[in-house]
Each structure stands twice: as structure tokens, then as C-alpha cells.
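Encoded as C-alpha cells, the structure appears first; notes follow it.
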Amino acid sequence: MLRIHFTSHDLQNIRIARQPDPLWELICSVCRLETGQGPLDFGQWRRAAFDRLSRDSVAGRALRPLRGLIPASGYIPDFLTPPVTGGGLQECLDQVRRTPRTQLVHEMSRLAEARPVPNWTTTLGRPGSDTLKSLANALGIYFRALLEPYWPHIRTAVGNDVGLRSRTLLDGGTQALLEGLGPLARWNAPVLEVDYPTERDLHLEGRGLLLVPSYFCWRRPTALADPGLDPVLVYPVAKTPLTVVSGSDGGLERLLGRTRAAVLTAVADQSARTTSEVARAVGIALPSASYQIGVLRDGGLVASHRDGKYVLHAATALGIRLLGADAGRGELLPPRAGSLGR
């Protein structure tokens, strides 16, 4: 268990990253690639990734050094996930290239205590060596080959979670925000108890905490290993395995009608939407959106639940399958799956 200890100042300095962090997603995705974990959440991506790697020798070579540094479980060097700035992939890679030699030596020594490390890692950060630059280039190649095609889908899933956490914070304050991290984190003031593979205490000591929602994080949250670095807690978001697209042959419109089909597509495009958000997305009046959602709910295609002041709507597994069949994918989409934890 990870116990995160808050002071009153820390409770005033809780932040949420507004968008997915490229390197946290990359590191977590390598872990998912190396295992068979999360077949519903990641199975399709994993199959597509292996297919790309079999055809793209450049991407295959880029993955090799990453496998030497990123085990499926256990310690991962913190320099691979520098401070979250929201500046995008290039800024993240520049931060990796600027990692001090002392930090590299310390973290690689710690990794070597847990598992054998490749010989090339001894030159990381050494004056005159291009090893760190080559590693950053490999990170960039991997990202562009295996994550960039899915980035809109990842960004949408993270954006949905940020919207939900923001509404929780507005309605209930920081206590509700921290309590909302359950079931794999429990707020026992002033300590956040997080499901974690090892026993550990993290004292924030006035530094606050950055919550980083992640698509590829699975089963349990994760954090930086070095307690001296800016504290972050990376946690998994609810996700759909596939991006839902509307069909081009009009079959769904003929079945449901144009407006109702558009409403179902709008609801399924995000993990949860309010009636007002659906109305804006489709371009119809609020009463019309409410009526159409009600019809879809009665038909088992949409589920609704109250979250504080809001009623949130999400497509059911049947609704997602209907959209997937209409899109002509040749197979039905798997059910919507949400999970927490790495």
C-alpha cells in the first residue's frame, strides 16, 4: 500500500493534469505490450501494435532499448517520466535528454539491483556519449508508431475523466475529489491509502499532489519512485477499447432515425455526457435531446445515472455493438470496459 500524507497546505494544492502525458502513456503502454493484461481494454491495440512491429523494423529496433529499462512490474527509472508540463511529446523528450548524469547513475544502479540491465546503459549521460539522445529518439519513434494513431481516442478518454473529476471538485470539494479515487484509493484523512504493490509512505510536506489520469495505466495507480521528486499519482481512467465511428451506409439512421442515431453516436463518443453536452454535440434543443435519450434508454442502448447535480449518460454494450456493426468493421465491438490501476 502507498500512503500519501497530506498537510492542510497540500489539500489546497491538488491539481489534475488536463491531458494525457505522452511519456507516462508510453511507459504504461510498454508494460501492457509485454503482458496479456487487460484483453478487453488493450487487446485490439496490442494486436495492432505487434502487427506494426512485424512490418516496421525501425519501430521494432526502437522498442528493444525500452524493454531493457521498463519491466512489466517493479521499479522503472523516474527519468523516463519527467515532470508533467502539458507541453507535448517534444518537450518531454527534451527533458529526458537533459537528465543529469548523477540522476541517471543513481536510477540505473537501483534498476540493476532488481534485474540485469543492458551494457549500453553504462554510457547514459556520459560526456561525449550519444546514448541518452538515442534513447530519447527511440522513445519518439515508439510513440509515433504505436501511440500517435490512437492519441485522439486516448485524449478523449482522459478528457472525460478530467470533466468528471472537475464536476466532483466543484460539487464536493477536495474531500469528494479524493474519495472519488476509489475503489483502489481510500481517503482516510489526512492520508490517501492507495492500492500499491509495495509498502510505502509518501509525505507531501507542502508540495501538493498532481493527479495524472492515464489511459494505459491499469489495475492500480502508480507514482514516481523517488520521494524527493515533485509528487504525482498516475491513475487509470475508464476507457472503451475502440473508438466509435458512425457508419457510412446509413443503416443505423434507417433503424433509429437520423436524430436518434446522432444522439446515440454522441453519447457513445465519450464515456459519460450530460444532456446539455449531447444537445450541443448534436445541435438540437435540450428538450429534444432529453426525449431522444429517454427513448434510447428504454431500448437498452443508453444508461443514465446521477452524479451530484448532473445526470450522466453512457452507451451500453448493446449500443456500442450496434454502432460497431453499422460501421462495417466485420465484427462486433467488445463491451465497454472501465478499469482502475496499473
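Chain labels follow the order of the C-alpha cells: the first chain is A, the next B, and so on; residue numbering restarts at 1 in every chain, and ligands are counted from 1 in their shown order.
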Could you pull the residues within 8 Å of region 29-34 of chain A, counting only C-alpha atoms, minus those fewer than 3 positions along the same chain, as a PyMOL selection string? chain A and resi 25-26+37-38+42+46+66-67+70-73+216-217
Env of Gly140 (chain A): 9 Å cut, atoms = only C-alpha atoms, seq-sep filter 6 positions within chain, self excluded. Answer as a list in words. Ala62, Leu89, Gln90 and Leu93 of chain A
Pairwise distance for CA of Trp187 (chain A) and CA of Pro83 (chain A), rounded to one decimal in Å: 24.9 Å
Selection: 10 Å around Ile293 (chain A), only C-alpha atoms, excl. self and same-chain fewer than 5 positions, as a ChimeraX atom specification: /A:260,263-264,267,275,278,287-288,298-299,301-304,313-314
Take the residues just selected and output them with C-alpha atoms as a PDB file, in the first residue's frame.
ATOM      1  CA  ARG A 260     -31.724   9.438 -32.636  1.00  0.00           C
ATOM      2  CA  VAL A 263     -27.681  11.201 -30.277  1.00  0.00           C
ATOM      3  CA  LEU A 264     -26.517   7.604 -29.714  1.00  0.00           C
ATOM      4  CA  VAL A 267     -23.338   9.621 -26.206  1.00  0.00           C
ATOM      5  CA  THR A 275     -27.974  16.012 -21.599  1.00  0.00           C
ATOM      6  CA  VAL A 278     -25.352  15.823 -26.001  1.00  0.00           C
ATOM      7  CA  PRO A 287     -35.911  19.012 -24.578  1.00  0.00           C
ATOM      8  CA  SER A 288     -35.385  17.089 -27.823  1.00  0.00           C
ATOM      9  CA  ASP A 298     -35.896   2.472 -22.863  1.00  0.00           C
ATOM     10  CA  GLY A 299     -34.432   0.458 -25.720  1.00  0.00           C
ATOM     11  CA  LEU A 301     -28.914   1.410 -25.796  1.00  0.00           C
ATOM     12  CA  VAL A 302     -28.128   4.125 -23.225  1.00  0.00           C
ATOM     13  CA  ALA A 303     -27.714   4.013 -19.445  1.00  0.00           C
ATOM     14  CA  SER A 304     -28.106   7.072 -17.210  1.00  0.00           C
ATOM     15  CA  HIS A 313     -25.458   9.232 -19.990  1.00  0.00           C
ATOM     16  CA  ALA A 314     -23.308   6.476 -21.480  1.00  0.00           C
TER      17      ALA A 314
END
Residue nearest Leu252 (chain A) among A:Ala238, A:Ala317, A:Leu323, A:Leu204 (counting only C-alpha atoms): A:Leu323
Select from region 118-256 of chain A everything DSSP, run on the backbone, classes as helix (DSSP H, G or I), then give the selection as a PyMOL selection string. chain A and resi 119-123+131-179+251-256
Rounded to one decimal, what separation in Å do you get between CA of Phe79 (chain A) and CA of Leu210 (chain A)? 17.1 Å
Counting only C-alpha atoms, what are the residues of region 86-195 of chain A within 9 Å of region 9-17 of chain A, and for each of them which pair of atoms is the nearest and at what distance in Å, to one decimal? Sort the table by chain and rising number, as a Markdown table.
| residue | atom | partner | partner_atom | distance |
| --- | --- | --- | --- | --- |
| A:Gly86 | CA | A:Ala17 | CA | 7.5 |
| A:Val162 | CA | A:Ile16 | CA | 7.3 |
| A:Arg165 | CA | A:Ile16 | CA | 8.4 |
| A:Ser166 | CA | A:Ile16 | CA | 8.6 |
| A:Thr174 | CA | A:Leu11 | CA | 6.9 |
| A:Gln175 | CA | A:Leu11 | CA | 8.7 |
| A:Pro190 | CA | A:Leu11 | CA | 9.0 |
So that I can see what lies close to Asn137 (chain A), please list as a ChimeraX atom specification the residues with an atom at most 12 Å from it, counting only C-alpha atoms and leaving out residues fewer than 2 positions away in the same chain. /A:58-59,61-63,65-66,89-90,92-94,96-97,130-135,139-144
Which residue of A:Pro149, A:Val212, A:Val84, A:Asn188 approaches Val234 (chain A) most closely, using only C-alpha atoms: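 For Val234 (chain A), the nearest of the given residues is A:Val212.
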